Amino acid sequence: MTYATKIGLALAALALAGSAAAAEIHIGYQKSSLNLIVLKSRGLLEKKLAAQGNTVKWTEFAAGPQLLEALNVGSIDFGMTGDTPPIFAQSGGTQLVYVGYEPPKPQASAILVPADSPLKKLSDLKGKKIALQKGSSAHWLLVRALDQNGLKWEDIQPVYLAPADARAAYETKAVDAWAIWDPYYAAAERALKPRVLATGEGLSANYTFYLASRQFATQQGKQLQVVFDALSDNDDFLDKQPKDTAQILSKAIGLDVATFETVVNRRPSFRVSWLTPQVISDQQKIADRFTELKLIPKAINVKDIVLPPQ
């Protein structure tokens, strides 16, 4: 049974009314939402929704935490983030559910220092200023890097900045290092020639997650099913047409094609799947560690917000 079929069964079971009425679906994305950006550029979802008399509104966000804040206040219904934003959002009381994930991409995030930096290894980060987006996948990467190299969170000076501001701080050397993800990472590699202290390899799986507001998932099941039908069709294009994918992303985001060829090559697959027990367990480990560090308001059980298969 395909993922699209399985999620359809789950959504049908959860939907209170199925909501066949015309609706506008609000989708949030960010520059790392490659699957969604290609889907948007191809117009595939619009065609599928039009058959139901529905439409879609797309809104771009700087990063996952900002996207999930919009979901929390009802500005969007559905979106994509990395592994850490849902942890912070759930702990903060956001009514969201996990509805899918993409395979690990540990090489798609990194901790960078300037080429002439005296910092040579991760343990050298002690006492240093490190730019990162709070509550992002880069936050977890940095926590893991410190844990694996004998450092405490209190040993560093986190400087919480959105990606564009973080790059500016990095370029002016207002910070000593920068924890970041693709495509910002790939763009910095080409333009700034940084030294990579570490990627996520051996530290973070760096999953991509698809999330929806609980209200949307339970009351607009048919519309959410259409979104995943479109994503499943889009998966085939992404897997079989990497060069075309890079071209589309370059045009949509405004970075050069070579940058996106690097980004695409660092991802083993864009295939959307149902959350497995292993993926849920990996997310719980992130939640537990952030709880231990007192970086989130309260402990959570990740499984509580995973859309259950039927």
# chains A, B, ... in the order shown; residues from 1 in each chain; ligands from 1
$ residues_around --residues "A:Asn206" --least-positions-apart "2" --cutoff "10 Å" --atoms "only C-alpha atoms" --output "compact mmCIF listing (two decimals) with C-alpha atoms, in the first residue's frame"
# COMPACT_ATOMS: atom_id res chain seq x y z
CA GLY A 82 13.35 20.17 9.96
CA ASP A 83 13.48 17.97 13.04
CA THR A 84 13.66 20.54 15.84
CA GLU A 102 11.55 12.45 4.13
CA PRO A 103 14.70 10.29 4.56
CA PRO A 104 17.69 11.49 6.61
CA LYS A 105 20.03 14.05 5.02
CA PRO A 106 22.89 14.46 7.53
CA GLN A 107 25.21 16.06 4.98
CA ALA A 108 22.75 18.89 4.34
CA SER A 109 23.67 20.86 7.48
CA SER A 137 17.57 21.77 12.99
CA ALA A 138 20.86 23.68 13.36
CA TRP A 140 19.99 20.27 17.45
CA LEU A 141 23.12 19.83 15.33
CA TRP A 181 21.42 24.03 6.70
CA GLY A 200 25.40 16.25 10.55
CA GLU A 201 27.11 12.97 9.66
CA LEU A 203 25.50 13.69 14.77
CA SER A 204 22.03 14.35 13.37
CA THR A 208 12.41 16.69 6.89
CA PHE A 209 8.89 16.66 8.37
$ atom_distance --atom1 "atom CA of A:Ala212" --atom2 "atom CA of A:Glu69"
12.1 Å
$ closest_residue --among "A:Asp176, A:Asp116, A:Asp288, A:Asp155" --to "A:Arg195" --atoms "only C-alpha atoms"
A:Asp116
$ atom_distance --atom1 "atom CA of A:Asn72" --atom2 "atom CA of A:Ile305"
14.0 Å
$ select_by_dssp --residues "stretch 121-187 of chain A" --states "helix (DSSP H, G or I)" --output "MDAnalysis selection string"
chainID A and resid 122:125 137:147 153:155 163:171 184:187
$ residues_around --residues "A:Ile25" --least-positions-apart "4" --cutoff "9 Å" --atoms "only C-alpha atoms" --output "list in words"
Asn54, Thr55, Val56, Lys57, Trp58, Ile76, Asp77, Phe78, Gln223 and Leu224 of chain A
$ select_by_dssp --residues "stretch 54-126 of chain A" --states "strand (DSSP E or B)" --output "ChimeraX atom specification"
/A:55-60,78-81,96-102,109-113
$ atom_distance --atom1 "atom CA of A:Ser123" --atom2 "atom CA of A:Lys173"
19.3 Å
$ residues_around --residues "A:Thr262" --least-positions-apart "5" --cutoff "10 Å" --atoms "only C-alpha atoms" --output "PyMOL selection string"
chain A and resi 108+182-183+185-187+189-190+246+257+267
$ write_last_selection --atoms "C-alpha atoms" --output "compact mmCIF listing (two decimals), in the first residue's frame"
# COMPACT_ATOMS: atom_id res chain seq x y z
CA ALA A 108 22.75 18.89 4.34
CA ASP A 182 20.93 23.86 2.92
CA PRO A 183 20.50 25.79 0.72
CA TYR A 185 25.03 26.06 3.62
CA ALA A 186 25.62 25.26 -0.06
CA ALA A 187 25.39 28.94 -1.02
CA GLU A 189 30.27 27.09 0.43
CA ARG A 190 30.34 28.57 -3.05
CA ALA A 246 18.02 22.18 -9.68
CA VAL A 257 21.97 26.26 -10.45
CA ARG A 267 19.73 14.32 -0.34
$ closest_residue --among "A:Ala145, A:Leu211, A:Leu122, A:Ala23" --to "A:Leu68" --atoms "only C-alpha atoms"
A:Leu211
$ residues_around --residues "A:Lys126" --least-positions-apart "5" --cutoff "10 Å" --atoms "only C-alpha atoms" --output "PDB file with all heavy atoms, in the first residue's frame"
ATOM      1  N   LEU A 119      39.936  28.200  14.872  1.00  0.00           N
ATOM      2  CA  LEU A 119      39.186  27.044  15.356  1.00  0.00           C
ATOM      3  C   LEU A 119      39.376  25.877  14.391  1.00  0.00           C
ATOM      4  O   LEU A 119      39.042  25.978  13.213  1.00  0.00           O
ATOM      5  CB  LEU A 119      37.704  27.378  15.489  1.00  0.00           C
ATOM      6  CG  LEU A 119      37.349  28.632  16.300  1.00  0.00           C
ATOM      7  CD1 LEU A 119      35.834  28.816  16.365  1.00  0.00           C
ATOM      8  CD2 LEU A 119      37.945  28.572  17.693  1.00  0.00           C
ATOM      9  N   LEU A 146      28.291  19.576  20.543  1.00  0.00           N
ATOM     10  CA  LEU A 146      28.856  19.869  21.864  1.00  0.00           C
ATOM     11  C   LEU A 146      28.866  18.620  22.731  1.00  0.00           C
ATOM     12  O   LEU A 146      29.876  18.313  23.393  1.00  0.00           O
ATOM     13  CB  LEU A 146      28.055  20.978  22.544  1.00  0.00           C
ATOM     14  CG  LEU A 146      28.028  22.334  21.838  1.00  0.00           C
ATOM     15  CD1 LEU A 146      27.125  23.298  22.582  1.00  0.00           C
ATOM     16  CD2 LEU A 146      29.428  22.912  21.677  1.00  0.00           C
ATOM     17  N   GLY A 150      32.557  16.825  24.532  1.00  0.00           N
ATOM     18  CA  GLY A 150      32.860  17.144  25.920  1.00  0.00           C
ATOM     19  C   GLY A 150      32.530  18.553  26.357  1.00  0.00           C
ATOM     20  O   GLY A 150      33.063  19.035  27.361  1.00  0.00           O
ATOM     21  N   LEU A 151      31.637  19.222  25.628  1.00  0.00           N
ATOM     22  CA  LEU A 151      31.256  20.584  25.986  1.00  0.00           C
ATOM     23  C   LEU A 151      29.813  20.641  26.459  1.00  0.00           C
ATOM     24  O   LEU A 151      28.975  19.852  26.029  1.00  0.00           O
ATOM     25  CB  LEU A 151      31.437  21.527  24.794  1.00  0.00           C
ATOM     26  CG  LEU A 151      32.855  21.698  24.249  1.00  0.00           C
ATOM     27  CD1 LEU A 151      32.851  22.636  23.056  1.00  0.00           C
ATOM     28  CD2 LEU A 151      33.792  22.216  25.333  1.00  0.00           C
ATOM     29  N   LYS A 152      29.529  21.602  27.331  1.00  0.00           N
ATOM     30  CA  LYS A 152      28.170  21.851  27.787  1.00  0.00           C
ATOM     31  C   LYS A 152      27.579  23.000  26.979  1.00  0.00           C
ATOM     32  O   LYS A 152      28.304  23.797  26.389  1.00  0.00           O
ATOM     33  CB  LYS A 152      28.168  22.202  29.280  1.00  0.00           C
ATOM     34  CG  LYS A 152      28.706  21.117  30.181  1.00  0.00           C
ATOM     35  CD  LYS A 152      28.709  21.582  31.628  1.00  0.00           C
ATOM     36  CE  LYS A 152      29.273  20.506  32.548  1.00  0.00           C
ATOM     37  NZ  LYS A 152      29.312  20.974  33.964  1.00  0.00           N
ATOM     38  N   TRP A 153      26.250  23.074  26.980  1.00  0.00           N
ATOM     39  CA  TRP A 153      25.596  24.184  26.270  1.00  0.00           C
ATOM     40  C   TRP A 153      26.078  25.526  26.837  1.00  0.00           C
ATOM     41  O   TRP A 153      26.279  26.495  26.110  1.00  0.00           O
ATOM     42  CB  TRP A 153      24.081  24.055  26.382  1.00  0.00           C
ATOM     43  CG  TRP A 153      23.351  25.099  25.585  1.00  0.00           C
ATOM     44  CD1 TRP A 153      22.659  26.169  26.059  1.00  0.00           C
ATOM     45  CD2 TRP A 153      23.272  25.176  24.164  1.00  0.00           C
ATOM     46  NE1 TRP A 153      22.151  26.907  25.026  1.00  0.00           N
ATOM     47  CE2 TRP A 153      22.506  26.314  23.846  1.00  0.00           C
ATOM     48  CE3 TRP A 153      23.766  24.382  23.119  1.00  0.00           C
ATOM     49  CZ2 TRP A 153      22.226  26.700  22.538  1.00  0.00           C
ATOM     50  CZ3 TRP A 153      23.484  24.756  21.806  1.00  0.00           C
ATOM     51  CH2 TRP A 153      22.732  25.895  21.526  1.00  0.00           C
ATOM     52  N   GLU A 154      26.307  25.560  28.146  1.00  0.00           N
ATOM     53  CA  GLU A 154      26.748  26.795  28.796  1.00  0.00           C
ATOM     54  C   GLU A 154      28.175  27.185  28.414  1.00  0.00           C
ATOM     55  O   GLU A 154      28.617  28.309  28.698  1.00  0.00           O
ATOM     56  CB  GLU A 154      26.667  26.649  30.316  1.00  0.00           C
ATOM     57  CG  GLU A 154      25.269  26.468  30.875  1.00  0.00           C
ATOM     58  CD  GLU A 154      24.735  25.057  30.690  1.00  0.00           C
ATOM     59  OE1 GLU A 154      25.531  24.140  30.383  1.00  0.00           O
ATOM     60  OE2 GLU A 154      23.501  24.874  30.832  1.00  0.00           O
ATOM     61  N   ASP A 155      28.890  26.267  27.757  1.00  0.00           N
ATOM     62  CA  ASP A 155      30.274  26.559  27.369  1.00  0.00           C
ATOM     63  C   ASP A 155      30.378  27.456  26.140  1.00  0.00           C
ATOM     64  O   ASP A 155      31.468  27.936  25.814  1.00  0.00           O
ATOM     65  CB  ASP A 155      31.039  25.257  27.092  1.00  0.00           C
ATOM     66  CG  ASP A 155      31.339  24.472  28.355  1.00  0.00           C
ATOM     67  OD1 ASP A 155      31.425  25.106  29.429  1.00  0.00           O
ATOM     68  OD2 ASP A 155      31.475  23.241  28.266  1.00  0.00           O
ATOM     69  N   ILE A 156      29.274  27.634  25.426  1.00  0.00           N
ATOM     70  CA  ILE A 156      29.306  28.472  24.225  1.00  0.00           C
ATOM     71  C   ILE A 156      28.385  29.674  24.391  1.00  0.00           C
ATOM     72  O   ILE A 156      27.597  29.750  25.327  1.00  0.00           O
ATOM     73  CB  ILE A 156      28.897  27.678  22.969  1.00  0.00           C
ATOM     74  CG1 ILE A 156      27.479  27.100  23.142  1.00  0.00           C
ATOM     75  CG2 ILE A 156      29.890  26.567  22.678  1.00  0.00           C
ATOM     76  CD1 ILE A 156      26.578  27.334  21.978  1.00  0.00           C
ATOM     77  N   GLN A 157      28.495  30.620  23.455  1.00  0.00           N
ATOM     78  CA  GLN A 157      27.629  31.796  23.455  1.00  0.00           C
ATOM     79  C   GLN A 157      26.735  31.728  22.211  1.00  0.00           C
ATOM     80  O   GLN A 157      27.140  32.163  21.131  1.00  0.00           O
ATOM     81  CB  GLN A 157      28.454  33.076  23.420  1.00  0.00           C
ATOM     82  CG  GLN A 157      29.388  33.261  24.600  1.00  0.00           C
ATOM     83  CD  GLN A 157      30.209  34.528  24.473  1.00  0.00           C
ATOM     84  OE1 GLN A 157      29.682  35.631  24.326  1.00  0.00           O
ATOM     85  NE2 GLN A 157      31.521  34.391  24.528  1.00  0.00           N
TER      86      GLN A 157
END
$ residues_around --residues "A:Leu71" --least-positions-apart "5" --cutoff "12 Å" --atoms "only C-alpha atoms" --output "number ranges by chain"
A: 26-29, 59, 61, 64-66, 76-81, 85-86, 89-90, 93-97, 211-216
$ residues_around --residues "A:Asp235" --least-positions-apart "5" --cutoff "10 Å" --atoms "only C-alpha atoms" --output "number ranges by chain"
A: 35, 38-39, 229-230, 240-241, 269-272
$ write_last_selection --atoms "N, CA, C and O atoms" --output "mmCIF file, in the first residue's frame"
data_model
loop_
_atom_site.group_PDB
_atom_site.id
_atom_site.type_symbol
_atom_site.label_atom_id
_atom_site.label_comp_id
_atom_site.auth_asym_id
_atom_site.auth_seq_id
_atom_site.Cartn_x
_atom_site.Cartn_y
_atom_site.Cartn_z
ATOM 1 N N ASN A 35 10.858 20.062 -1.894
ATOM 2 C CA ASN A 35 9.736 19.329 -2.481
ATOM 3 C C ASN A 35 8.552 20.267 -2.712
ATOM 4 O O ASN A 35 7.940 20.272 -3.785
ATOM 5 N N VAL A 38 9.246 22.906 -5.582
ATOM 6 C CA VAL A 38 9.095 22.327 -6.924
ATOM 7 C C VAL A 38 7.621 22.064 -7.207
ATOM 8 O O VAL A 38 7.130 22.309 -8.324
ATOM 9 N N LEU A 39 6.896 21.578 -6.211
ATOM 10 C CA LEU A 39 5.461 21.351 -6.376
ATOM 11 C C LEU A 39 4.753 22.653 -6.744
ATOM 12 O O LEU A 39 3.931 22.692 -7.661
ATOM 13 N N ASP A 229 -1.348 13.436 -2.428
ATOM 14 C CA ASP A 229 -1.375 12.852 -3.771
ATOM 15 C C ASP A 229 -0.430 13.635 -4.679
ATOM 16 O O ASP A 229 0.339 13.053 -5.457
ATOM 17 N N ALA A 230 -0.481 14.961 -4.575
ATOM 18 C CA ALA A 230 0.388 15.812 -5.397
ATOM 19 C C ALA A 230 1.850 15.624 -5.020
ATOM 20 O O ALA A 230 2.724 15.543 -5.891
ATOM 21 N N LYS A 240 13.706 11.431 -10.440
ATOM 22 C CA LYS A 240 14.137 11.081 -11.798
ATOM 23 C C LYS A 240 14.739 12.251 -12.573
ATOM 24 O O LYS A 240 15.412 12.037 -13.591
ATOM 25 N N GLN A 241 14.505 13.489 -12.113
ATOM 26 C CA GLN A 241 14.946 14.667 -12.862
ATOM 27 C C GLN A 241 15.765 15.613 -11.982
ATOM 28 O O GLN A 241 15.381 16.769 -11.761
ATOM 29 N N SER A 269 16.964 11.056 -1.074
ATOM 30 C CA SER A 269 15.638 10.914 -1.680
ATOM 31 C C SER A 269 14.720 11.992 -1.126
ATOM 32 O O SER A 269 14.927 12.501 -0.019
ATOM 33 N N PHE A 270 13.714 12.347 -1.916
ATOM 34 C CA PHE A 270 12.673 13.269 -1.453
ATOM 35 C C PHE A 270 11.390 12.517 -1.110
ATOM 36 O O PHE A 270 10.370 13.133 -0.815
ATOM 37 N N ARG A 271 11.423 11.206 -1.158
ATOM 38 C CA ARG A 271 10.223 10.396 -1.017
ATOM 39 C C ARG A 271 9.558 10.603 0.342
ATOM 40 O O ARG A 271 10.181 10.439 1.385
ATOM 41 N N VAL A 272 8.283 10.959 0.335
ATOM 42 C CA VAL A 272 7.535 11.175 1.567
ATOM 43 C C VAL A 272 6.994 9.842 2.078
ATOM 44 O O VAL A 272 6.423 9.065 1.321
#
$ closest_residue --among "A:Asp236, A:Glu46, A:Glu60, A:Glu292" --to "A:Ser32" --atoms "only C-alpha atoms"
A:Glu60
$ closest_residue --among "A:Pro118, A:Pro194, A:Pro158, A:Gly221" --to "A:Leu307" --atoms "only C-alpha atoms"
A:Gly221
